[in-house]
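Chemist: Have a look at the structure that comes next, please.
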There are 4 protein chains.
Amino acid sequence: METAHNIRSVLQPSAVEAFYGSVRQSSQRLCESLSDADATVQSMPDASPAKWHLAHTSWFFETMVLGPHLPGYRVFDDSYNFLFNSYYETIGARHPRPKRGMITRPSLEVISAYRAHVDAGVERLLDRMPSAGVVELLELGCHHEQQHQELLLTDILHLFSQNPTQPAYKDPSPSRAEANASGQAGYKPFVGGVVEIGHDGEGFAFDCEGPRHRVFLEPFQLADRLVTNQEWLEFISDGGYLDARLWLSEGWAKTRAEGWSMPLYWEKRDDGFWTMTLRGPRMVDLAAPVVHVGYFEADAFATWAGRRLPTEAEWEHAAQGLSQEGNFADSGHLQPRPTSSSSDSLRQMFGDVWEWTRSAFSPYPRFRAVEGAVGEYNGKFMSGQFVLRGGSCVTPPSHIRPTYRNFFPPDARWQFSGVRLAEDM
Amino acid sequence: METAHNIRSVLQPSAVEAFYGSVRQSSQRLCESLSDADATVQSMPDASPAKWHLAHTSWFFETMVLGPHLPGYRVFDDSYNFLFNSYYETIGARHPRPKRGMITRPSLEVISAYRAHVDAGVERLLDRMPSAGVVELLELGCHHEQQHQELLLTDILHLFSQNPTQPAYKDPSPSRAEANASGQAGYKPFVGGVVEIGHDGEGFAFDCEGPRHRVFLEPFQLADRLVTNQEWLEFISDGGYLDARLWLSEGWAKTRAEGWSMPLYWEKRDDGFWTMTLRGPRMVDLAAPVVHVGYFEADAFATWAGRRLPTEAEWEHAAQGLSQEGNFADSGHLQPRPTSSSSDSLRQMFGDVWEWTRSAFSPYPRFRAVEGAVGEYNGKFMSGQFVLRGGSCVTPPSHIRPTYRNFFPPDARWQFSGVRLAEDM
Amino acid sequence: METAHNIRSVLQPSAVEAFYGSVRQSSQRLCESLSDADATVQSMPDASPAKWHLAHTSWFFETMVLGPHLPGYRVFDDSYNFLFNSYYETIGARHPRPKRGMITRPSLEVISAYRAHVDAGVERLLDRMPSAGVVELLELGCHHEQQHQELLLTDILHLFSQNPTQPAYKDPSPSRAEANASGQAGYKPFVGGVVEIGHDGEGFAFDCEGPRHRVFLEPFQLADRLVTNQEWLEFISDGGYLDARLWLSEGWAKTRAEGWSMPLYWEKRDDGFWTMTLRGPRMVDLAAPVVHVGYFEADAFATWAGRRLPTEAEWEHAAQGLSQEGNFADSGHLQPRPTSSSSDSLRQMFGDVWEWTRSAFSPYPRFRAVEGAVGEYNGKFMSGQFVLRGGSCVTPPSHIRPTYRNFFPPDARWQFSGVRLAEDM
Amino acid sequence: METAHNIRSVLQPSAVEAFYGSVRQSSQRLCESLSDADATVQSMPDASPAKWHLAHTSWFFETMVLGPHLPGYRVFDDSYNFLFNSYYETIGARHPRPKRGMITRPSLEVISAYRAHVDAGVERLLDRMPSAGVVELLELGCHHEQQHQELLLTDILHLFSQNPTQPAYKDPSPSRAEANASGQAGYKPFVGGVVEIGHDGEGFAFDCEGPRHRVFLEPFQLADRLVTNQEWLEFISDGGYLDARLWLSEGWAKTRAEGWSMPLYWEKRDDGFWTMTLRGPRMVDLAAPVVHVGYFEADAFATWAGRRLPTEAEWEHAAQGLSQEGNFADSGHLQPRPTSSSSDSLRQMFGDVWEWTRSAFSPYPRFRAVEGAVGEYNGKFMSGQFVLRGGSCVTPPSHIRPTYRNFFPPDARWQFSGVRLAEDM
């Protein structure tokens, strides 16, 4: 997901201060184990260096909040407006995205100083009793930074996967003994009809999550857990990657051109399938949800399974009222956890893997982008992308909510994305 | 639109015979003014040679109908199954699409003989009292061929536009005196609510047009005519092609990379804008609907105009009950006609230009592709495409209906595609 | 070889008239068996349509000779200067090379009329007792057209090879029974020293063939015949295409990227190797010289054989004094003929296949390009090309001479190019 | 120049020990001012990270010398044979060149430890009285590392030029006041005839520099100094980059596609032309030799000037007997120095800029590559490259000699390459 923004907020200044502090610290902590070089290299045009994420999120506060709203604020370095603007056309020229990895200087250390400089500015700003509008912008900046925290992890994993020595970002943990997923998934039915989805304006949300509105749903049912690696192996064994009839035309062309035959990061060794993770290479855990598959693969899998992917409206409708609690006991795990034994409700809806939906990312009725630079803007990406729901094991827990619309192109595989099946009733 | 099929039919054998005869003759007539070379060259990978269209539509009848259902049918030439298969993976290997223009032999004359051979086969088949299933397949083949008739014209226009001598496909007609479009478009309101769209199974439709189902619409209004060339000129003059804020991110990247600054086929000369048409180069008619714009441009225009594109459900709901009559008095015109003076109803809904909607092409609830080769299949193209509605001046009139879902990628510009605006109420 | 020109001539007007007539007729005859479509399609950017060759060579006479030198000459069609200019930057804008295949009109018939119009102009010009300079230009135009005659055949073969039906340009002749090449090649020694090469100015030559000059050669020996298909098969069997050590670095990258495993146009069938020829597909004749190999392959073969390719100076020195006679008894063969039994001299030096030399195409000492448009110009291609010598079975016999320097990039394989080995002494 | 090797050596073990020590230290010193990130990033596929250069040169000693010749030598890290092999196909699989910048780990510090480990091994080896063959390999390794020292600097300059903040590798020095080059270049004549060039086997040389052999030269003269920036500005002002007639065909296509209008690293500012250097951005010094121009530009310039580039034989013949002394007083300058006032001899032949010759890189008569891995091998690059002579201001002085044949493709511009003119007499 290209990072994007909204400005509906309900936080008090003191709450924002706490949120700000925790988010900013969190970003720094994510980079503790990275060297200057780790934080500098860009492994593909879609990914950004960790250092860039650290700087860009600070630039956002500097440019959108401190510059306009803190009298006397001194910009840390004039060149950063060029270096660390992501895609805000209204703010001026910027360093080309595919060249973000050329910025060996400023160093990671200098960027830390930049962050401290911005933090000091925000502290001064908060001391001055900022207006509600400014508080909203600060909150927006925090959510924006949370988005980049997840991207930072997905991008580091991609970088390390390109290194033949396969370094671990966090302490490697021993590969688990193989275990089978616990039986077939159950399906939970929904009667459909006219239902409401979308954010209702209470609490923070990005602009594209609203307005809340009615949609008509046919009856459907939703799998009560995610598709597992074991199920994915059956798809592979059954020739799923070689059968054109299962694939979208564009997906088939892509899989042929790229030679896909398993999820991204998987590798076949003598003793079975391994995968690269943030804790280094590990054996594929058969009971865990499949991750790092793109939309094309997810859709082909669903066709093979005689099912389909849910729409985002179905997913959101089903997620309403579900507790997110308990999902994040182990948020430092950095890998989706094995599917637990069956229960009578939907499991793994939040914080395991992003779940591909069959919905193209498009505007809700009456959606209007916010005016000005902060309104650049989810709407700008409303072509060629599919919506994912639910959040992943590398999404900051406080960043997850039922209305959240993540989106990526159908061939994107480096996110923590997986599959939940649905079917008509 | 990649051509695609369904098999719901209600025609009697005799009606199919008449339909078949008229469609087949029509294809031949479209090629009367083409030389062997005109009919052979492929001007870009997205386009196909006229000869290929003529042969492929015949191959469809031979492979799907005559081979399985006419005892003793002798295949015209064994190599044609390789040469003229389009994308049916289940039927076997095929000549690569970007190389369709290499087939200088068989000649246009031999392909005409092929067509006659197939026609004779179909005649024999019809004499044998075919089953309803076979009649359905024949009808499907006719609709399939009608799709290719339109493509044949769009592809010939593209080919001729690549020739610096700008040949005319049909007698050139003199450029009209410039005229202004008659005032502002009016907007017709709709109250929305739960409405039904999709094909109800009466008469022929492609599989993706159904099933008929309910959707919820917010109140909206729809422009009572198409956007004109004059309005498009205002967009150009106002810097529409140069203002990143108006464009989808992907569209902006594309327009920069390709250097778009006006609709495809337009050319600025000393005396104003000209455009390449099937009747050769002509001055742009300001009162006529703009044509040969892609989705990215259509969307940017709508943003510039402070409006938006309709969804396909809105369009279809508005189109229900409208008469298509009168749209085709001048079906040999081969160019969209000037916008007539205002009335109190929606004008130009059918047979002028294909109208871009903001809806990504995706499956209707409970949609299932047909089994087997003929079910390859609209569903296969359900990523990266937007729906267009209404039919154009080069669509065979009997091929147009309110539920028809055409689709193309958002950067496609060589179709007869234009814009109708909508807005929220 | 990009076609190129010089203006040293010794012909009398009457001799030029005869030469002109024979060359022009010859071009027409080459196209007798081609349809309008065959003559129109461009099979790759490096190749040109037959129609384009016919028109371009006429354009050359029109633009370089008739326009400036025949008072009252009426240009046949103003658009042709744009359409049929090849690369003469000084003459103005031109149709882009990769789009030469878009020109379905003018038709082949119209181009024939164009040729007649130009021929009539040249006839009138010759009646007026043209100056020596004009006669020289006419002679140049004839040699230029001869170059295009060969290209026309190489390009038609490429086009037909892209057609799965593999049409024959000329009557197919039955595949010969396989035969072995007659034993090992012999090697003829040369003592070297200071020798002279290059054209001496007597008779016609292109500018890059001169000036005649001295070079120093070490002692060397040259194979008395060309490398045969049978020898090439041994190279294949021995893993020649799979052994990086045999290849130039650039060649190895290319062969991996393109998947080369045999000469262009070869195909492995159940009953052995076949190859596409101007007479349609035929079994590879083991006794015939290998053809359609590029420089990279030729060089790898020589390394594998423990030999090397000759330099162009060695080749020309060895060729001096050899009779070209007898080479062209069968000039309609359109395929290199089997290697005859051994003799005590060099065989197959002229008119079989172009022989790759290890010499990059570069200027001879004191070389100066001719001024003006006709001097655009061999010199322009003096980077990235290797010299080939000797002429091929599709080179017009009167176009072959010992000083002739053909040149192509090292990955070019669609010419009638083969290999003769050399070694140090 | 792809680095390459030979094994003719005359050094005694003690001399090799000193040479080894000085070369190894020198490499380390070159990296003193680089951060881990600076040393890790790859700015384009043609360039390599500094860390890679440091590791690869050590890998060479480990693989070619220590492994086979030091009993009990323990390889530092098994993965390095994959990571730091450059192109030795005979040694096995290797990390793809365009991905050299992904190796954020091992860190620069670990690579320093690797270097120390290898140095310790070489010390032990030298204590054991190695054979002459081993001494030769060590000497080869030192020359190999010197080649990489130059590449390290050219690659760092390229990397820093991609950074909008334009960091300086070494202390920036103030831009000089502009000065004019001192008048016209003089030309020194040579009578030519049969002359000898190539390395005679005394002292070290790479394989492609020999064998020494005779060539025939026509009389010629050579400019007594390099082309200056001032002269290059005249070429620019005169439209040199816009006149197709001056350019090789391939060069013209490239300059249009890439938009070249001045040497690489030049930038036009309000106060004149600036250029990026190892000491940061500086005003272009008009009296200094032009640098960072490719062959295509060099050749176009020579044509514009009515002259030509020298052949490598001419250059080497002229350089014989010239003293290299005095060229390196200021070897830390890292920029070519202004052209000194005229004298009666050739100036700036060594150690200023690499001088493009018009000679394609090809084998000398009787050249044979060394057997085995160390013989991979200059010969491997003998297509598509032009020879440069003389060494540059970033070439280690002891690495320069009159017979040295550097080579790069004609569009390479990031080397310290410039122009000396020649002409026929």
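Each chain in the structure tokens gets a letter, A, B, ..., in the order shown, and its residues are numbered from 1; ligands are numbered from 1 in order too.
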What parts of region 248-391 of chain B does DSSP call strand (DSSP E)? I'd like the answer as a PDB file with N, CA and C atoms, in the first residue's frame.
Modeler:
ATOM      1  N   TRP B 266      -5.418  12.439 -32.690  1.00  0.00           N
ATOM      2  CA  TRP B 266      -5.456  13.878 -32.935  1.00  0.00           C
ATOM      3  C   TRP B 266      -4.076  14.372 -33.352  1.00  0.00           C
ATOM      4  N   GLU B 267      -4.102  15.457 -34.097  1.00  0.00           N
ATOM      5  CA  GLU B 267      -2.869  16.068 -34.567  1.00  0.00           C
ATOM      6  C   GLU B 267      -3.129  17.566 -34.650  1.00  0.00           C
ATOM      7  N   LYS B 268      -2.197  18.345 -34.167  1.00  0.00           N
ATOM      8  CA  LYS B 268      -2.392  19.794 -34.239  1.00  0.00           C
ATOM      9  C   LYS B 268      -1.760  20.303 -35.528  1.00  0.00           C
ATOM     10  N   ARG B 269      -2.570  20.945 -36.349  1.00  0.00           N
ATOM     11  CA  ARG B 269      -2.041  21.563 -37.568  1.00  0.00           C
ATOM     12  C   ARG B 269      -2.232  23.067 -37.477  1.00  0.00           C
ATOM     13  N   GLY B 272      -5.838  24.140 -36.943  1.00  0.00           N
ATOM     14  CA  GLY B 272      -6.608  23.564 -35.838  1.00  0.00           C
ATOM     15  C   GLY B 272      -6.324  22.086 -35.667  1.00  0.00           C
ATOM     16  N   PHE B 273      -7.170  21.427 -34.893  1.00  0.00           N
ATOM     17  CA  PHE B 273      -6.953  20.021 -34.618  1.00  0.00           C
ATOM     18  C   PHE B 273      -7.600  19.148 -35.688  1.00  0.00           C
ATOM     19  N   TRP B 274      -6.833  18.157 -36.111  1.00  0.00           N
ATOM     20  CA  TRP B 274      -7.328  17.142 -37.025  1.00  0.00           C
ATOM     21  C   TRP B 274      -7.290  15.802 -36.311  1.00  0.00           C
ATOM     22  N   THR B 275      -8.028  14.863 -36.876  1.00  0.00           N
ATOM     23  CA  THR B 275      -7.980  13.521 -36.310  1.00  0.00           C
ATOM     24  C   THR B 275      -8.054  12.505 -37.430  1.00  0.00           C
ATOM     25  N   MET B 276      -7.419  11.371 -37.223  1.00  0.00           N
ATOM     26  CA  MET B 276      -7.471  10.286 -38.203  1.00  0.00           C
ATOM     27  C   MET B 276      -8.750   9.493 -37.966  1.00  0.00           C
ATOM     28  N   THR B 277      -9.490   9.221 -39.044  1.00  0.00           N
ATOM     29  CA  THR B 277     -10.721   8.449 -38.932  1.00  0.00           C
ATOM     30  C   THR B 277     -10.738   7.352 -39.999  1.00  0.00           C
ATOM     31  N   GLY B 280     -10.373   8.682 -43.310  1.00  0.00           N
ATOM     32  CA  GLY B 280      -9.171   9.492 -43.535  1.00  0.00           C
ATOM     33  C   GLY B 280      -9.097  10.640 -42.550  1.00  0.00           C
ATOM     34  N   PRO B 281      -8.075  11.473 -42.689  1.00  0.00           N
ATOM     35  CA  PRO B 281      -7.897  12.592 -41.750  1.00  0.00           C
ATOM     36  C   PRO B 281      -8.995  13.644 -41.924  1.00  0.00           C
ATOM     37  N   ARG B 282      -9.518  14.122 -40.805  1.00  0.00           N
ATOM     38  CA  ARG B 282     -10.575  15.143 -40.845  1.00  0.00           C
ATOM     39  C   ARG B 282     -10.356  16.128 -39.718  1.00  0.00           C
ATOM     40  N   MET B 283     -10.893  17.315 -39.882  1.00  0.00           N
ATOM     41  CA  MET B 283     -10.867  18.270 -38.783  1.00  0.00           C
ATOM     42  C   MET B 283     -11.711  17.715 -37.641  1.00  0.00           C
ATOM     43  N   TRP B 354     -18.174   3.927 -26.778  1.00  0.00           N
ATOM     44  CA  TRP B 354     -18.163   3.168 -25.535  1.00  0.00           C
ATOM     45  C   TRP B 354     -17.865   4.127 -24.389  1.00  0.00           C
ATOM     46  N   GLU B 355     -18.627   4.030 -23.311  1.00  0.00           N
ATOM     47  CA  GLU B 355     -18.511   4.981 -22.209  1.00  0.00           C
ATOM     48  C   GLU B 355     -17.757   4.331 -21.046  1.00  0.00           C
ATOM     49  N   TRP B 356     -16.640   4.927 -20.697  1.00  0.00           N
ATOM     50  CA  TRP B 356     -15.856   4.409 -19.575  1.00  0.00           C
ATOM     51  C   TRP B 356     -16.658   4.533 -18.276  1.00  0.00           C
ATOM     52  N   THR B 357     -16.696   3.455 -17.498  1.00  0.00           N
ATOM     53  CA  THR B 357     -17.250   3.563 -16.146  1.00  0.00           C
ATOM     54  C   THR B 357     -16.094   3.445 -15.155  1.00  0.00           C
ATOM     55  N   ARG B 358     -16.366   3.819 -13.930  1.00  0.00           N
ATOM     56  CA  ARG B 358     -15.321   3.717 -12.909  1.00  0.00           C
ATOM     57  C   ARG B 358     -15.271   2.320 -12.301  1.00  0.00           C
ATOM     58  N   SER B 359     -15.998   1.380 -12.848  1.00  0.00           N
ATOM     59  CA  SER B 359     -16.047   0.027 -12.292  1.00  0.00           C
ATOM     60  C   SER B 359     -14.981  -0.863 -12.904  1.00  0.00           C
ATOM     61  N   ALA B 360     -14.182  -1.445 -12.029  1.00  0.00           N
ATOM     62  CA  ALA B 360     -13.262  -2.479 -12.493  1.00  0.00           C
ATOM     63  C   ALA B 360     -14.099  -3.670 -12.951  1.00  0.00           C
ATOM     64  N   PHE B 386     -11.210  -1.959 -16.921  1.00  0.00           N
ATOM     65  CA  PHE B 386     -12.396  -1.198 -16.534  1.00  0.00           C
ATOM     66  C   PHE B 386     -13.519  -1.479 -17.528  1.00  0.00           C
ATOM     67  N   VAL B 387     -14.753  -1.377 -17.009  1.00  0.00           N
ATOM     68  CA  VAL B 387     -15.928  -1.678 -17.836  1.00  0.00           C
ATOM     69  C   VAL B 387     -16.334  -0.459 -18.659  1.00  0.00           C
ATOM     70  N   LEU B 388     -16.700  -0.711 -19.905  1.00  0.00           N
ATOM     71  CA  LEU B 388     -17.284   0.321 -20.769  1.00  0.00           C
ATOM     72  C   LEU B 388     -18.683  -0.139 -21.152  1.00  0.00           C
ATOM     73  N   ARG B 389     -19.556   0.833 -21.342  1.00  0.00           N
ATOM     74  CA  ARG B 389     -20.945   0.510 -21.637  1.00  0.00           C
ATOM     75  C   ARG B 389     -21.457   1.272 -22.858  1.00  0.00           C
TER      76      ARG B 389
END
Chemist: Give me the residues within 10 Å of Ser345 (chain D) as a CSV table (one decimal) with C-alpha atoms, in the first residue's frame, counting only C-alpha atoms and dropping any in the same chain fewer than 5 places off.
Modeler:
chain,number,residue,atom,x,y,z
D,186,GLY,CA,50.9,21.3,-31.9
D,187,TYR,CA,51.3,18.1,-34.0
D,188,LYS,CA,54.3,15.8,-33.9
D,223,ALA,CA,48.6,16.2,-31.1
D,224,ASP,CA,51.1,17.2,-28.5
D,225,ARG,CA,48.5,17.5,-25.9
D,322,LEU,CA,58.8,8.8,-23.7
Chemist: Using DSSP on the backbone coordinates, identify the residues of region 211-424 of chain A assigned to alpha helix (DSSP H); present them as a short mmCIF file (atom, residue, chain, number, x, y, z; two decimals) with N, CA, C and O atoms, in the first residue's frame.
Modeler:
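What ended up in part_30.cif:
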data_model
loop_
_atom_site.label_atom_id
_atom_site.label_comp_id
_atom_site.auth_asym_id
_atom_site.auth_seq_id
_atom_site.Cartn_x
_atom_site.Cartn_y
_atom_site.Cartn_z
N ASN A 229 -0.15 -23.45 4.81
CA ASN A 229 0.95 -23.90 3.94
C ASN A 229 0.72 -25.34 3.46
O ASN A 229 1.09 -25.68 2.34
N GLN A 230 0.12 -26.14 4.32
CA GLN A 230 -0.13 -27.52 3.89
C GLN A 230 -1.10 -27.55 2.70
O GLN A 230 -0.89 -28.27 1.72
N GLU A 231 -2.13 -26.74 2.81
CA GLU A 231 -3.08 -26.68 1.69
C GLU A 231 -2.40 -26.14 0.43
O GLU A 231 -2.68 -26.56 -0.69
N TRP A 232 -1.50 -25.20 0.65
CA TRP A 232 -0.79 -24.64 -0.51
C TRP A 232 0.09 -25.69 -1.16
O TRP A 232 0.22 -25.76 -2.38
N LEU A 233 0.69 -26.53 -0.35
CA LEU A 233 1.51 -27.61 -0.90
C LEU A 233 0.67 -28.56 -1.75
O LEU A 233 1.14 -29.07 -2.77
N GLU A 234 -0.56 -28.78 -1.33
CA GLU A 234 -1.44 -29.64 -2.13
C GLU A 234 -1.73 -29.00 -3.49
O GLU A 234 -1.76 -29.67 -4.52
N PHE A 235 -1.90 -27.69 -3.44
CA PHE A 235 -2.10 -26.93 -4.70
C PHE A 235 -0.88 -27.10 -5.60
O PHE A 235 -1.00 -27.36 -6.81
N ILE A 236 0.29 -26.98 -5.03
CA ILE A 236 1.53 -27.15 -5.81
C ILE A 236 1.60 -28.57 -6.36
O ILE A 236 1.85 -28.78 -7.56
N SER A 237 1.39 -29.55 -5.48
CA SER A 237 1.50 -30.96 -5.91
C SER A 237 0.51 -31.29 -7.01
O SER A 237 0.77 -32.12 -7.87
N SER A 249 -5.88 -14.38 -16.95
CA SER A 249 -5.03 -14.31 -18.13
C SER A 249 -3.73 -13.55 -17.83
O SER A 249 -2.64 -14.00 -18.17
N GLU A 250 -3.87 -12.43 -17.18
CA GLU A 250 -2.72 -11.59 -16.83
C GLU A 250 -1.82 -12.32 -15.83
O GLU A 250 -0.59 -12.22 -15.88
N GLY A 251 -2.42 -13.04 -14.92
CA GLY A 251 -1.66 -13.77 -13.92
C GLY A 251 -0.89 -14.92 -14.54
O GLY A 251 0.25 -15.18 -14.18
N TRP A 252 -1.51 -15.59 -15.49
CA TRP A 252 -0.84 -16.70 -16.17
C TRP A 252 0.40 -16.19 -16.93
O TRP A 252 1.48 -16.78 -16.86
N ALA A 253 0.21 -15.08 -17.64
CA ALA A 253 1.34 -14.50 -18.36
C ALA A 253 2.48 -14.16 -17.39
O ALA A 253 3.65 -14.42 -17.66
N LYS A 254 2.11 -13.61 -16.27
CA LYS A 254 3.10 -13.21 -15.27
C LYS A 254 3.80 -14.43 -14.68
O LYS A 254 5.02 -14.46 -14.53
N THR A 255 3.03 -15.43 -14.33
CA THR A 255 3.65 -16.59 -13.68
C THR A 255 4.58 -17.32 -14.65
O THR A 255 5.64 -17.82 -14.25
N ARG A 256 4.21 -17.31 -15.94
CA ARG A 256 5.11 -17.91 -16.94
C ARG A 256 6.38 -17.07 -17.09
O ARG A 256 7.49 -17.59 -17.14
N ALA A 257 6.20 -15.75 -17.16
CA ALA A 257 7.35 -14.89 -17.38
C ALA A 257 8.31 -14.92 -16.20
O ALA A 257 9.53 -14.85 -16.36
N GLU A 258 7.76 -15.01 -14.99
CA GLU A 258 8.60 -14.94 -13.80
C GLU A 258 8.98 -16.32 -13.28
O GLU A 258 9.77 -16.43 -12.35
N TYR A 295 -2.12 -11.68 -5.49
CA TYR A 295 -3.53 -11.87 -5.82
C TYR A 295 -3.72 -12.94 -6.88
O TYR A 295 -4.64 -13.75 -6.81
N PHE A 296 -2.83 -12.93 -7.89
CA PHE A 296 -3.01 -13.90 -8.96
C PHE A 296 -2.96 -15.33 -8.42
O PHE A 296 -3.75 -16.19 -8.82
N GLU A 297 -2.00 -15.56 -7.51
CA GLU A 297 -1.90 -16.90 -6.92
C GLU A 297 -3.11 -17.19 -6.03
O GLU A 297 -3.64 -18.30 -6.02
N ALA A 298 -3.51 -16.17 -5.24
CA ALA A 298 -4.63 -16.37 -4.32
C ALA A 298 -5.89 -16.74 -5.11
O ALA A 298 -6.64 -17.65 -4.74
N ASP A 299 -6.09 -16.05 -6.21
CA ASP A 299 -7.28 -16.30 -7.03
C ASP A 299 -7.20 -17.68 -7.69
O ASP A 299 -8.21 -18.40 -7.74
N ALA A 300 -6.03 -18.05 -8.18
CA ALA A 300 -5.88 -19.37 -8.80
C ALA A 300 -6.12 -20.46 -7.77
O ALA A 300 -6.75 -21.48 -8.05
N PHE A 301 -5.62 -20.24 -6.55
CA PHE A 301 -5.82 -21.22 -5.49
C PHE A 301 -7.31 -21.39 -5.21
O PHE A 301 -7.81 -22.53 -5.09
N ALA A 302 -8.00 -20.27 -5.11
CA ALA A 302 -9.43 -20.34 -4.80
C ALA A 302 -10.18 -21.09 -5.90
O ALA A 302 -11.06 -21.91 -5.62
N THR A 303 -9.82 -20.83 -7.15
CA THR A 303 -10.47 -21.54 -8.25
C THR A 303 -10.20 -23.04 -8.16
O THR A 303 -11.09 -23.87 -8.34
N TRP A 304 -8.93 -23.35 -7.88
CA TRP A 304 -8.55 -24.77 -7.73
C TRP A 304 -9.36 -25.42 -6.61
O TRP A 304 -9.80 -26.57 -6.73
N GLU A 312 -14.49 -7.23 -0.47
CA GLU A 312 -14.12 -6.52 0.76
C GLU A 312 -15.35 -6.20 1.61
O GLU A 312 -15.25 -6.14 2.84
N ALA A 313 -16.50 -6.04 0.96
CA ALA A 313 -17.71 -5.76 1.74
C ALA A 313 -18.09 -6.98 2.56
O ALA A 313 -18.48 -6.86 3.73
N GLU A 314 -18.00 -8.16 1.97
CA GLU A 314 -18.27 -9.39 2.71
C GLU A 314 -17.33 -9.50 3.91
O GLU A 314 -17.74 -9.81 5.03
N TRP A 315 -16.07 -9.28 3.65
CA TRP A 315 -15.08 -9.42 4.72
C TRP A 315 -15.41 -8.47 5.87
O TRP A 315 -15.44 -8.86 7.04
N GLU A 316 -15.66 -7.20 5.51
CA GLU A 316 -15.87 -6.20 6.55
C GLU A 316 -17.16 -6.48 7.32
O GLU A 316 -17.21 -6.34 8.55
N HIS A 317 -18.17 -6.89 6.58
CA HIS A 317 -19.43 -7.23 7.23
C HIS A 317 -19.20 -8.37 8.23
O HIS A 317 -19.66 -8.32 9.39
N ALA A 318 -18.45 -9.37 7.82
CA ALA A 318 -18.20 -10.51 8.70
C ALA A 318 -17.34 -10.11 9.90
O ALA A 318 -17.45 -10.70 10.98
N ALA A 319 -16.49 -9.14 9.69
CA ALA A 319 -15.54 -8.76 10.75
C ALA A 319 -16.18 -7.87 11.80
O ALA A 319 -15.63 -7.69 12.89
#
Chemist: Residues of chain B near chain A: apply a cut-off of 7 Å, count only C-alpha atoms, and supply the list as number ranges by chain.
Modeler: B: 89, 214-216, 244, 248-249, 360, 366, 380-382, 384, 424
Chemist: Measuring atom to atom with only C-alpha atoms, identify which of D:Phe84, D:Phe61, D:Tyr265, D:Trp260 is nearest to Phe160 (chain D).
Modeler: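 Once distances to Phe160 (chain D) are computed over only C-alpha atoms, the minimum belongs to D:Tyr265.
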